[in-house]
$ cat data.txt   # compact mmCIF, C-alpha atoms and all ligand atoms
# COMPACT_ATOMS: atom_id res chain seq x y z
CA MET Z 1 82.63 79.80 -17.57
CA GLN Z 2 83.68 83.43 -17.23
CA ARG Z 3 83.41 85.92 -20.08
CA GLY Z 4 86.19 88.18 -21.26
CA SER Z 5 86.21 91.91 -21.88
CA ASN Z 6 87.28 93.58 -25.13
CA LEU Z 7 87.81 96.95 -23.47
CA GLY Z 8 90.89 98.60 -22.04
CA ARG Z 9 94.18 97.09 -20.89
CA LEU Z 10 92.90 93.71 -19.84
CA GLY Z 11 95.60 91.50 -21.33
CA GLY Z 12 96.24 89.60 -18.11
CA TYR Z 13 92.57 88.92 -17.42
CA ASN Z 14 91.79 87.96 -21.01
CA GLN Z 15 94.78 85.67 -21.14
CA ALA Z 16 93.53 83.93 -18.02
CA VAL Z 17 90.01 83.58 -19.49
CA ILE Z 18 91.39 82.10 -22.73
CA LEU Z 19 93.78 79.75 -20.96
CA ASP Z 20 90.94 78.63 -18.71
CA ALA Z 21 88.76 77.82 -21.74
CA ILE Z 22 91.61 75.84 -23.34
CA ARG Z 23 92.26 74.02 -20.08
CA ARG Z 24 88.61 72.96 -19.86
CA ALA Z 25 88.74 71.43 -23.35
CA PRO Z 26 91.00 68.37 -23.02
CA GLU Z 27 90.09 67.31 -26.58
CA GLY Z 28 91.36 70.64 -27.91
CA ILE Z 29 89.46 73.76 -28.92
CA ALA Z 30 89.40 75.72 -32.19
CA ARG Z 31 89.81 79.51 -32.28
CA VAL Z 32 86.24 80.01 -33.48
CA GLU Z 33 84.97 78.09 -30.44
CA LEU Z 34 87.12 80.25 -28.19
CA VAL Z 35 85.39 83.32 -29.63
CA GLU Z 36 81.99 81.79 -28.80
CA ARG Z 37 82.93 80.70 -25.30
CA THR Z 38 84.79 83.79 -24.12
CA GLY Z 39 82.94 86.57 -25.94
CA LEU Z 40 86.32 88.02 -26.98
CA SER Z 41 87.04 89.31 -30.49
CA PRO Z 42 88.92 87.08 -32.96
CA GLN Z 43 91.74 89.66 -32.96
CA THR Z 44 92.12 89.53 -29.16
CA ILE Z 45 92.02 85.72 -29.22
CA SER Z 46 94.66 85.67 -31.94
CA ASN Z 47 97.01 88.00 -30.06
CA VAL Z 48 96.71 86.18 -26.77
CA VAL Z 49 97.02 82.72 -28.32
CA ARG Z 50 100.21 83.75 -30.11
CA ARG Z 51 101.66 84.82 -26.76
CA LEU Z 52 100.57 81.56 -25.08
CA VAL Z 53 102.13 79.50 -27.87
CA ASP Z 54 105.36 81.53 -27.68
CA ASP Z 55 105.46 80.91 -23.92
CA GLY Z 56 105.05 77.18 -24.48
CA LEU Z 57 101.79 77.02 -22.51
CA VAL Z 58 99.63 76.09 -25.50
CA ARG Z 59 100.27 74.01 -28.62
CA GLU Z 60 98.47 74.16 -31.96
CA ASP Z 61 99.94 71.33 -33.99
CA ARG Z 62 96.88 69.08 -34.25
CA LYS Z 63 93.89 69.22 -36.57
CA THR Z 64 90.49 67.65 -36.02
CA VAL Z 65 87.75 66.77 -38.47
CA SER Z 66 84.25 67.33 -37.16
CA GLY Z 67 81.35 67.60 -39.57
CA PRO Z 68 81.63 69.08 -43.06
CA GLY Z 69 84.30 71.59 -44.06
CA LYS Z 70 88.04 71.55 -43.78
CA PRO Z 71 89.81 70.23 -40.67
CA ARG Z 72 90.26 72.72 -37.85
CA THR Z 73 93.48 73.44 -36.03
CA VAL Z 74 92.85 72.94 -32.33
CA LEU Z 75 94.59 74.54 -29.39
CA GLU Z 76 95.63 72.35 -26.51
CA LEU Z 77 97.18 72.99 -23.15
CA GLU Z 78 100.83 71.92 -22.98
CA VAL Z 79 100.26 70.13 -19.71
CA SER Z 80 103.90 69.53 -18.87
CA SER Z 81 105.07 73.04 -19.67
CA ARG Z 82 104.74 74.18 -16.07
CA ILE Z 83 104.81 72.43 -12.72
CA ALA Z 84 103.36 73.44 -9.37
CA ILE Z 85 104.59 72.01 -6.10
CA GLY Z 86 102.36 71.58 -3.06
CA ILE Z 87 103.24 70.85 0.56
CA HIS Z 88 100.72 69.79 3.18
CA LEU Z 89 101.96 70.36 6.67
CA ASP Z 90 99.86 68.09 8.86
CA PRO Z 91 100.51 67.39 12.55
CA ALA Z 92 101.24 63.73 11.68
CA VAL Z 93 102.79 63.78 8.23
CA MET Z 94 104.22 66.17 5.64
CA THR Z 95 103.21 65.37 2.06
CA VAL Z 96 104.85 66.96 -0.98
CA VAL Z 97 103.44 66.66 -4.52
CA ALA Z 98 104.20 68.04 -7.97
CA LEU Z 99 101.31 68.69 -10.39
CA ASN Z 100 101.16 69.36 -14.11
CA LEU Z 101 98.77 71.92 -15.58
CA HIS Z 102 95.91 69.42 -15.65
CA GLY Z 103 96.25 69.11 -11.91
CA GLU Z 104 97.61 65.56 -12.19
CA VAL Z 105 100.16 64.36 -9.64
CA VAL Z 106 103.45 63.71 -11.45
CA ALA Z 107 105.52 63.02 -8.32
CA SER Z 108 104.94 62.82 -4.56
CA THR Z 109 106.63 61.94 -1.29
CA ASP Z 110 105.56 61.56 2.35
CA HIS Z 111 107.68 62.45 5.35
CA ARG Z 112 106.93 61.66 8.97
CA MET Z 113 106.66 64.86 11.00
CA PRO Z 114 109.52 64.38 13.43
CA GLY Z 115 109.20 67.74 15.09
CA VAL Z 116 105.65 68.01 16.38
CA GLY Z 117 105.81 70.41 19.31
CA GLU Z 118 109.09 71.74 17.96
CA PRO Z 119 108.73 74.24 15.12
CA ASP Z 120 112.46 74.92 14.81
CA GLY Z 121 113.86 73.36 11.70
CA ILE Z 122 110.48 72.83 10.01
CA VAL Z 123 111.34 75.27 7.22
CA SER Z 124 114.61 73.52 6.40
CA GLN Z 125 112.80 70.16 6.47
CA MET Z 126 110.28 71.50 3.96
CA ALA Z 127 113.06 72.88 1.78
CA ASP Z 128 114.87 69.52 1.87
CA ALA Z 129 111.65 67.71 0.97
CA VAL Z 130 111.08 69.99 -2.03
CA GLU Z 131 114.68 69.64 -3.24
CA THR Z 132 114.49 65.85 -2.86
CA LEU Z 133 111.28 65.74 -4.91
CA ILE Z 134 112.81 67.93 -7.63
CA ALA Z 135 115.92 65.73 -7.76
CA THR Z 136 114.28 62.29 -7.63
CA ALA Z 137 111.50 63.14 -10.11
CA ARG Z 138 114.03 65.03 -12.28
CA LEU Z 139 111.79 68.08 -12.50
CA ASP Z 140 113.02 70.95 -14.65
CA ARG Z 141 113.49 73.79 -12.20
CA LYS Z 142 112.83 76.42 -14.86
CA ARG Z 143 109.30 75.05 -15.31
CA ILE Z 144 108.36 75.22 -11.64
CA LEU Z 145 105.88 78.04 -11.02
CA GLY Z 146 106.24 77.97 -7.26
CA VAL Z 147 105.31 76.18 -4.07
CA GLY Z 148 101.93 76.25 -2.32
CA LEU Z 149 101.95 75.49 1.36
CA ALA Z 150 98.75 74.15 2.93
CA ALA Z 151 98.87 74.37 6.72
CA PRO Z 152 96.42 73.94 9.60
CA GLY Z 153 94.82 77.22 10.66
CA PRO Z 154 94.79 79.74 12.02
CA ILE Z 155 97.34 81.45 9.78
CA ASP Z 156 98.50 85.01 9.37
CA GLY Z 157 98.07 85.14 5.61
CA ILE Z 158 99.58 88.61 5.34
CA GLU Z 159 102.76 87.75 7.24
CA GLY Z 160 102.89 84.18 5.93
CA MET Z 161 102.97 82.40 9.27
CA MET Z 162 101.11 79.78 11.28
CA VAL Z 163 99.65 81.09 14.53
CA SER Z 164 98.98 78.67 17.40
CA PRO Z 165 97.32 75.78 15.51
CA PRO Z 166 95.36 73.56 17.96
CA MET Z 167 97.18 70.26 17.36
CA LEU Z 168 100.67 71.77 17.46
CA PRO Z 169 101.36 73.13 20.95
CA GLY Z 170 104.36 75.46 21.08
CA TRP Z 171 103.86 76.69 17.53
CA ASP Z 172 102.91 80.22 18.58
CA ARG Z 173 103.94 82.35 15.63
CA VAL Z 174 105.94 80.37 13.09
CA PRO Z 175 107.02 82.28 9.96
CA LEU Z 176 106.97 79.94 6.97
CA ARG Z 177 106.57 81.73 3.67
CA GLU Z 178 109.55 84.07 3.56
CA PRO Z 179 112.13 81.70 5.12
CA LEU Z 180 111.06 78.94 2.71
CA GLU Z 181 111.27 81.29 -0.28
CA GLU Z 182 114.80 82.19 0.75
CA LEU Z 183 115.91 78.58 1.06
CA ILE Z 184 114.44 77.20 -2.17
CA ASP Z 185 114.54 80.35 -4.30
CA LEU Z 186 110.98 79.84 -5.58
CA PRO Z 187 107.84 81.88 -4.85
CA VAL Z 188 105.78 80.42 -1.99
CA TRP Z 189 102.06 80.84 -1.17
CA LEU Z 190 100.60 79.92 2.18
CA ASP Z 191 96.95 79.10 2.84
CA LYS Z 192 94.91 77.01 5.24
CA ASP Z 193 94.65 73.35 4.28
CA VAL Z 194 90.85 73.64 4.13
CA THR Z 195 91.03 76.49 1.63
CA ALA Z 196 93.68 74.64 -0.37
CA ALA Z 197 91.37 71.60 -0.52
CA ALA Z 198 88.63 73.76 -2.05
CA VAL Z 199 91.11 75.09 -4.62
CA ALA Z 200 92.04 71.48 -5.44
CA GLU Z 201 88.41 70.84 -6.40
CA LEU Z 202 88.66 73.68 -8.91
CA TRP Z 203 91.91 72.55 -10.52
CA ALA Z 204 92.51 68.87 -9.93
CA SER Z 205 89.13 67.12 -9.69
CA ASP Z 206 87.79 65.07 -12.58
CA ARG Z 207 84.37 66.61 -12.21
CA ASP Z 208 83.39 70.16 -13.04
CA ALA Z 209 82.92 72.36 -9.99
CA PRO Z 210 79.76 74.44 -9.72
CA SER Z 211 80.32 78.19 -9.37
CA SER Z 212 79.66 78.16 -5.60
CA PHE Z 213 80.58 75.36 -3.22
CA ALA Z 214 82.02 74.61 0.20
CA PHE Z 215 84.63 71.97 1.00
CA ILE Z 216 84.18 70.51 4.48
CA TYR Z 217 87.59 69.29 5.57
CA LEU Z 218 87.78 66.47 8.10
CA GLY Z 219 91.21 65.88 9.54
CA THR Z 220 92.69 66.46 12.93
CA GLY Z 221 90.55 69.61 12.81
CA LEU Z 222 87.36 70.66 11.06
CA GLY Z 223 87.03 73.58 8.66
CA ALA Z 224 85.31 74.86 5.54
CA GLY Z 225 86.95 76.04 2.32
CA VAL Z 226 84.72 78.38 0.34
CA VAL Z 227 84.41 79.12 -3.38
CA LEU Z 228 81.78 81.67 -4.39
CA GLN Z 229 81.05 82.51 -8.01
CA ASN Z 230 84.22 80.75 -9.19
CA GLU Z 231 86.50 82.59 -6.80
CA VAL Z 232 88.28 81.13 -3.83
CA GLN Z 233 87.42 83.09 -0.70
CA HIS Z 234 90.13 83.82 1.86
CA GLY Z 235 88.62 86.35 4.24
CA SER Z 236 90.70 89.33 5.36
CA SER Z 237 93.57 87.33 6.87
CA GLY Z 238 93.24 83.88 5.29
CA ASN Z 239 91.09 82.46 8.09
CA ILE Z 240 87.69 82.03 6.47
CA GLY Z 241 85.72 78.89 7.32
CA GLU Z 242 86.46 78.33 11.01
CA ILE Z 243 83.34 76.32 11.85
CA GLY Z 244 84.68 74.25 14.75
CA HIS Z 245 82.70 76.12 17.42
CA PHE Z 246 79.31 76.01 15.70
CA PRO Z 247 76.78 74.63 18.20
CA VAL Z 248 75.20 71.20 17.81
CA PRO Z 249 72.02 69.86 19.47
CA ASP Z 250 73.95 67.21 21.46
CA GLU Z 251 75.76 67.77 24.72
CA VAL Z 252 79.46 67.05 24.09
CA PRO Z 253 82.64 67.32 26.21
CA LEU Z 254 83.79 70.77 27.32
CA CYS Z 255 85.48 72.72 24.54
CA GLU Z 256 88.46 75.05 25.11
CA CYS Z 257 86.02 77.90 24.34
CA GLY Z 258 84.06 77.04 27.50
CA ARG Z 259 80.94 75.50 25.97
CA ARG Z 260 79.57 71.99 25.79
CA ASN Z 261 78.00 71.94 22.37
CA CYS Z 262 80.77 72.61 19.82
CA ILE Z 263 80.89 70.56 16.62
CA GLY Z 264 84.69 70.43 16.83
CA MET Z 265 84.51 68.61 20.17
CA SER Z 266 81.68 66.42 18.90
CA LEU Z 267 83.99 65.13 16.14
CA ASN Z 268 87.19 65.26 18.18
CA PHE Z 269 89.01 61.92 17.92
CA VAL Z 270 89.25 61.53 21.69
CA THR Z 271 85.52 62.22 22.10
CA LEU Z 272 84.65 59.51 19.57
CA ILE Z 273 87.05 57.00 21.13
CA ARG Z 274 85.58 57.65 24.58
CA GLN Z 275 82.13 56.98 23.16
CA GLY Z 276 83.60 53.74 21.79
CA ILE Z 277 84.95 52.85 25.23
CA GLU Z 278 81.56 53.56 26.83
CA ALA Z 279 79.86 51.38 24.22
CA GLY Z 280 82.31 48.55 24.92
CA ILE Z 281 83.92 48.70 21.46
CA PHE Z 282 87.36 49.77 22.67
CA PRO Z 283 89.22 48.66 25.81
CA LYS Z 284 89.64 51.20 28.61
CA ASN Z 285 92.59 53.63 28.24
CA HIS Z 286 92.22 53.40 24.45
CA ASP Z 287 92.17 57.21 24.37
CA GLU Z 288 95.76 57.71 25.51
CA GLN Z 289 97.81 56.61 22.55
CA GLY Z 290 99.09 59.82 21.00
CA LEU Z 291 98.17 61.12 17.57
CA ASP Z 292 99.02 58.00 15.54
CA GLY Z 293 97.12 55.62 17.80
CA THR Z 294 94.13 57.93 17.95
CA THR Z 295 93.94 58.22 14.18
CA ALA Z 296 94.19 54.45 13.81
CA ALA Z 297 91.38 54.01 16.35
CA ILE Z 298 89.12 56.32 14.33
CA PHE Z 299 89.70 54.27 11.19
CA GLU Z 300 88.96 51.15 13.23
CA LEU Z 301 85.71 52.70 14.41
CA THR Z 302 84.55 53.67 10.93
CA SER Z 303 85.48 50.30 9.44
CA MET Z 304 83.56 48.52 12.24
CA ALA Z 305 80.57 50.72 11.44
CA GLY Z 306 80.98 49.85 7.76
CA ALA Z 307 81.06 46.16 8.64
CA GLY Z 308 77.72 46.45 10.42
CA ASN Z 309 78.68 46.81 14.12
CA ALA Z 310 75.59 48.44 15.63
CA GLU Z 311 77.41 50.32 18.44
CA ALA Z 312 79.98 51.73 16.00
CA GLN Z 313 77.20 52.70 13.61
CA ALA Z 314 75.38 54.54 16.39
CA ILE Z 315 78.52 56.59 17.17
CA VAL Z 316 79.16 57.40 13.51
CA ASN Z 317 75.49 58.28 12.91
CA ARG Z 318 75.44 60.59 15.91
CA ALA Z 319 78.61 62.35 14.69
CA ALA Z 320 77.16 62.56 11.17
CA ARG Z 321 73.90 64.05 12.50
CA ASN Z 322 75.80 66.74 14.40
CA LEU Z 323 78.04 67.46 11.43
CA ALA Z 324 75.06 67.64 9.07
CA PHE Z 325 73.29 70.10 11.36
CA VAL Z 326 76.29 72.46 11.17
CA VAL Z 327 77.03 71.93 7.48
CA ALA Z 328 73.42 72.74 6.59
CA GLN Z 329 73.88 76.10 8.33
CA VAL Z 330 77.07 76.66 6.32
CA ALA Z 331 75.18 75.85 3.11
CA ASN Z 332 72.37 78.21 4.18
CA VAL Z 333 74.71 81.09 5.00
CA LEU Z 334 76.66 80.76 1.75
CA ASP Z 335 73.83 79.60 -0.59
CA VAL Z 336 76.15 77.15 -2.32
CA GLN Z 337 75.23 74.52 -4.91
CA ARG Z 338 77.48 71.75 -3.64
CA ILE Z 339 78.94 70.51 -0.37
CA ILE Z 340 82.08 68.39 -0.73
CA PHE Z 341 83.43 66.33 2.15
CA GLY Z 342 87.10 65.38 2.16
CA GLY Z 343 90.37 65.41 4.04
CA PRO Z 344 92.50 62.70 5.64
CA LEU Z 345 89.65 61.31 7.76
CA TRP Z 346 87.02 61.25 5.04
CA ASP Z 347 88.04 58.08 3.21
CA GLY Z 348 87.38 56.03 6.34
CA LEU Z 349 84.06 57.74 6.94
CA ALA Z 350 82.68 58.05 3.40
CA GLY Z 351 80.92 54.70 3.10
CA VAL Z 352 78.96 54.89 6.34
CA GLY Z 353 78.86 58.66 6.74
CA LEU Z 354 77.69 60.01 3.41
CA PRO Z 355 74.09 58.67 3.30
CA PRO Z 356 73.04 60.08 6.73
CA LEU Z 357 74.93 63.33 6.07
CA ARG Z 358 73.17 63.77 2.75
CA GLU Z 359 69.73 63.13 4.23
CA GLU Z 360 70.18 65.42 7.24
CA ILE Z 361 71.73 68.30 5.29
CA GLN Z 362 68.92 68.29 2.73
CA LYS Z 363 66.41 68.38 5.59
CA HIS Z 364 67.85 71.63 6.99
CA PHE Z 365 68.70 73.34 3.68
CA VAL Z 366 66.42 76.37 3.37
CA ALA Z 367 66.67 77.02 -0.40
CA LYS Z 368 65.86 73.40 -1.38
CA ASP Z 369 62.74 74.40 -3.31
CA ILE Z 370 64.75 76.95 -5.29
CA HIS Z 371 67.88 75.04 -6.21
CA GLN Z 372 69.51 71.72 -5.66
CA LEU Z 373 72.24 71.18 -3.08
CA GLU Z 374 74.53 68.31 -4.00
CA VAL Z 375 76.30 66.54 -1.15
CA VAL Z 376 79.30 64.52 -2.31
CA GLY Z 377 82.66 63.15 -1.20
CA SER Z 378 85.92 64.44 -2.67
CA ASP Z 379 87.59 62.19 -5.26
CA LEU Z 380 91.07 63.50 -4.43
CA GLY Z 381 91.85 61.16 -1.54
CA GLU Z 382 94.03 61.82 1.47
CA GLN Z 383 96.58 63.85 -0.55
CA VAL Z 384 93.96 66.55 -1.09
CA GLY Z 385 95.82 69.00 1.18
CA ALA Z 386 99.11 68.75 -0.74
CA ILE Z 387 97.34 68.71 -4.11
CA GLY Z 388 95.47 71.79 -2.92
CA GLY Z 389 98.76 73.44 -2.00
CA ALA Z 390 99.99 72.99 -5.57
CA CYS Z 391 96.62 74.18 -6.88
CA LEU Z 392 97.07 77.43 -4.91
CA VAL Z 393 100.00 78.06 -7.24
CA LEU Z 394 97.96 77.22 -10.37
CA ASP Z 395 95.12 79.42 -9.14
CA GLN Z 396 97.45 82.34 -8.52
CA ALA Z 397 99.12 81.93 -11.91
CA PHE Z 398 96.17 81.21 -14.17
CA SER Z 399 92.76 81.92 -12.65
CA PRO Z 400 90.68 84.76 -14.11
CA LYS Z 401 89.93 86.90 -11.07
CA THR Z 402 87.61 89.85 -10.90
CA ARG Z 403 90.01 91.55 -8.51
CA GLY Z 404 92.66 91.24 -11.23
CA LEU Z 405 90.15 92.88 -13.54
CA LEU Z 406 89.67 95.74 -11.10
CA LEU Z 407 93.40 96.25 -10.69
CA GLU Z 408 94.00 96.41 -14.40
CA THR Z 409 91.22 98.83 -15.38
ZN ZN Z 501 84.13 75.60 21.25
$ encode --input "data.txt" --output "structure tokens"
Amino acid sequence: MQRGSNLGRLGGYNQAVILDAIRRAPEGIARVELVERTGLSPQTISNVVRRLVDDGLVREDRKTVSGPGKPRTVLELEVSSRIAIGIHLDPAVMTVVALNLHGEVVASTDHRMPGVGEPDGIVSQMADAVETLIATARLDRKRILGVGLAAPGPIDGIEGMMVSPPMLPGWDRVPLREPLEELIDLPVWLDKDVTAAAVAELWASDRDAPSSFAFIYLGTGLGAGVVLQNEVQHGSSGNIGEIGHFPVPDEVPLCECGRRNCIGMSLNFVTLIRQGIEAGIFPKNHDEQGLDGTTAAIFELTSMAGAGNAEAQAIVNRAARNLAFVVAQVANVLDVQRIIFGGPLWDGLAGVGLPPLREEIQKHFVAKDIHQLEVVGSDLGEQVGAIGGACLVLDQAFSPKTRGLLLET
């Protein structure tokens, strides 16, 4: 919980702090409790709340009785008053979701990615997907705050473009943000899918996030989204969290960077399938099936491991050991309180992967005698990228940010 400031022209920051406190109280919150939680004066609270009610973001038409004394009027978030749209651009599928202010999905659609290897037309496909969602779910356009686009890295966050993502050959410098804004006439934010997933944990998860955590995203690539002291970290260009070339103790196939011990190659789908072929789990040539076939094979591998197949378990355990070795270093560098695993691949891996990951990470975590490090799986499922995209919009619109504080003083 962040505290407000009663000094100076801090209306925007204070409003965000108050809205955040109301958002975190689904049962409603009385003004006097807002004073306690935010440290703001009753006068400031009163002014800001009036503005929030006028804007339709907050309602105050319900009273509660708790303990002695007269019933209190409680403030509640008007969850349907604004909508955020998220798009996840994945090499295999494009997912579009609409969220309310509680971070709940109110509408979603999936589209096959017809143009892998062919970036032309992707912006108009995204625009069509957004317009279709708005039309079919009958969303009120006036309530839509904007669109958050979660894309595989690397990105040029300043220019709003994707720059040579590994699984999309031919996508050298693909401008996305501005062309999409022009087509749909809504503000657009672009971030890496891993960062968006971390933002989703802040806005859409049922559990409270600790102030500092890392989201380890397992999909066609591997990356870390980082939140430190309640703020989403982006780095200078939007490319924080590129952990794919961290070294692991195992020897693994040659990486494009020229080394034979990169975690990215250790977890690469083709690497795992080849290990399955060597172990006799998969027939020969099982590694030449394109993206869809490869993804299906990985789910087959993890479900075999879950069902007790010893060879499959050995492959998954080896991958988990390598991943844990790297993730422990990430936790050590950032001094976070929680590691969250998620992404499209995680659901298949969670059952067999989480126990060994948890054990290995704790073993290598340096500050374990000082504070606890939780290791958990995301509860947001395979839509976490798209949900995160929409949460980028919520975070931009409503999050109390210290940099906002600096700008306004
Ligand atoms: Zn490498």
$ residues_near_ligand --input "data.txt" --ligand "ligand ZN 501 (chain Z)" --cutoff "12 Å" --atoms "only C-alpha atoms and all ligand atoms" --output "list in words"
Pro166, Leu222, Glu242, Ile243, Gly244, His245, Phe246, Pro247, Val248, Glu251, Val252, Pro253, Leu254, Cys255, Glu256, Cys257, Gly258, Arg259, Arg260, Asn261, Cys262, Ile263, Gly264, Met265, Ser266, Leu267 and Asn268 of chain Z
$ atom_distance --input "data.txt" --atom1 "CA of Val330 in chain Z" --atom2 "CA of Thr271 in chain Z"
23.0 Å
$ residues_around --input "data.txt" --residues "range 67-76 of chain Z" --least-positions-apart "5" --cutoff "7 Å" --atoms "all atoms listed in the file" --output "VMD selection string"
chain Z and resid 22 28 to 30 58 to 60 62
$ atom_distance --input "data.txt" --atom1 "CA of Val327 in chain Z" --atom2 "CA of Ala200 in chain Z"
19.8 Å
$ atom_distance --input "data.txt" --atom1 "CA of Ala367 in chain Z" --atom2 "CA of Ser205 in chain Z"
26.2 Å
$ closest_residue --input "data.txt" --among "Z:Thr220, Z:Ala397, Z:Gly308, Z:Ile370" --to "Leu57 in chain Z" --atoms "all atoms listed in the file"
Z:Ala397
$ residues_around --input "data.txt" --residues "range 118-132 of chain Z" --least-positions-apart "6" --cutoff "10 Å" --atoms "all atoms listed in the file" --output "PyMOL selection string"
chain Z and resi 85-89+94-98+108-111+138-139+141+147+149+168-185
$ build_atoms --input "data.txt" --residues "range 343-355 of chain Z" --atoms "N, CA and C atoms" --output "PDB file, keeping the file's coordinate frame"
ATOM      1  N   GLY Z 343      89.337  65.293   3.013  1.00  0.00           N
ATOM      2  CA  GLY Z 343      90.370  65.410   4.040  1.00  0.00           C
ATOM      3  C   GLY Z 343      90.825  64.027   4.481  1.00  0.00           C
ATOM      4  N   PRO Z 344      91.883  63.981   5.287  1.00  0.00           N
ATOM      5  CA  PRO Z 344      92.500  62.700   5.640  1.00  0.00           C
ATOM      6  C   PRO Z 344      91.531  61.711   6.301  1.00  0.00           C
ATOM      7  N   LEU Z 345      90.552  62.207   7.042  1.00  0.00           N
ATOM      8  CA  LEU Z 345      89.650  61.310   7.760  1.00  0.00           C
ATOM      9  C   LEU Z 345      88.496  60.820   6.894  1.00  0.00           C
ATOM     10  N   TRP Z 346      88.253  61.512   5.794  1.00  0.00           N
ATOM     11  CA  TRP Z 346      87.020  61.250   5.040  1.00  0.00           C
ATOM     12  C   TRP Z 346      86.965  59.852   4.445  1.00  0.00           C
ATOM     13  N   ASP Z 347      88.090  59.368   3.892  1.00  0.00           N
ATOM     14  CA  ASP Z 347      88.040  58.080   3.210  1.00  0.00           C
ATOM     15  C   ASP Z 347      87.498  56.972   4.120  1.00  0.00           C
ATOM     16  N   GLY Z 348      87.882  57.034   5.399  1.00  0.00           N
ATOM     17  CA  GLY Z 348      87.380  56.030   6.340  1.00  0.00           C
ATOM     18  C   GLY Z 348      85.903  56.204   6.637  1.00  0.00           C
ATOM     19  N   LEU Z 349      85.425  57.421   6.511  1.00  0.00           N
ATOM     20  CA  LEU Z 349      84.060  57.740   6.940  1.00  0.00           C
ATOM     21  C   LEU Z 349      83.059  57.701   5.791  1.00  0.00           C
ATOM     22  N   ALA Z 350      83.566  57.808   4.546  1.00  0.00           N
ATOM     23  CA  ALA Z 350      82.680  58.050   3.400  1.00  0.00           C
ATOM     24  C   ALA Z 350      81.558  57.016   3.278  1.00  0.00           C
ATOM     25  N   GLY Z 351      81.911  55.747   3.345  1.00  0.00           N
ATOM     26  CA  GLY Z 351      80.920  54.700   3.100  1.00  0.00           C
ATOM     27  C   GLY Z 351      79.749  54.754   4.053  1.00  0.00           C
ATOM     28  N   VAL Z 352      80.045  54.877   5.351  1.00  0.00           N
ATOM     29  CA  VAL Z 352      78.960  54.890   6.340  1.00  0.00           C
ATOM     30  C   VAL Z 352      78.412  56.282   6.578  1.00  0.00           C
ATOM     31  N   GLY Z 353      79.259  57.308   6.357  1.00  0.00           N
ATOM     32  CA  GLY Z 353      78.860  58.660   6.740  1.00  0.00           C
ATOM     33  C   GLY Z 353      78.044  59.416   5.710  1.00  0.00           C
ATOM     34  N   LEU Z 354      78.305  59.158   4.432  1.00  0.00           N
ATOM     35  CA  LEU Z 354      77.690  60.010   3.410  1.00  0.00           C
ATOM     36  C   LEU Z 354      76.157  59.918   3.358  1.00  0.00           C
ATOM     37  N   PRO Z 355      75.565  58.709   3.385  1.00  0.00           N
ATOM     38  CA  PRO Z 355      74.090  58.670   3.300  1.00  0.00           C
ATOM     39  C   PRO Z 355      73.380  59.473   4.411  1.00  0.00           C
TER      40      PRO Z 355
END
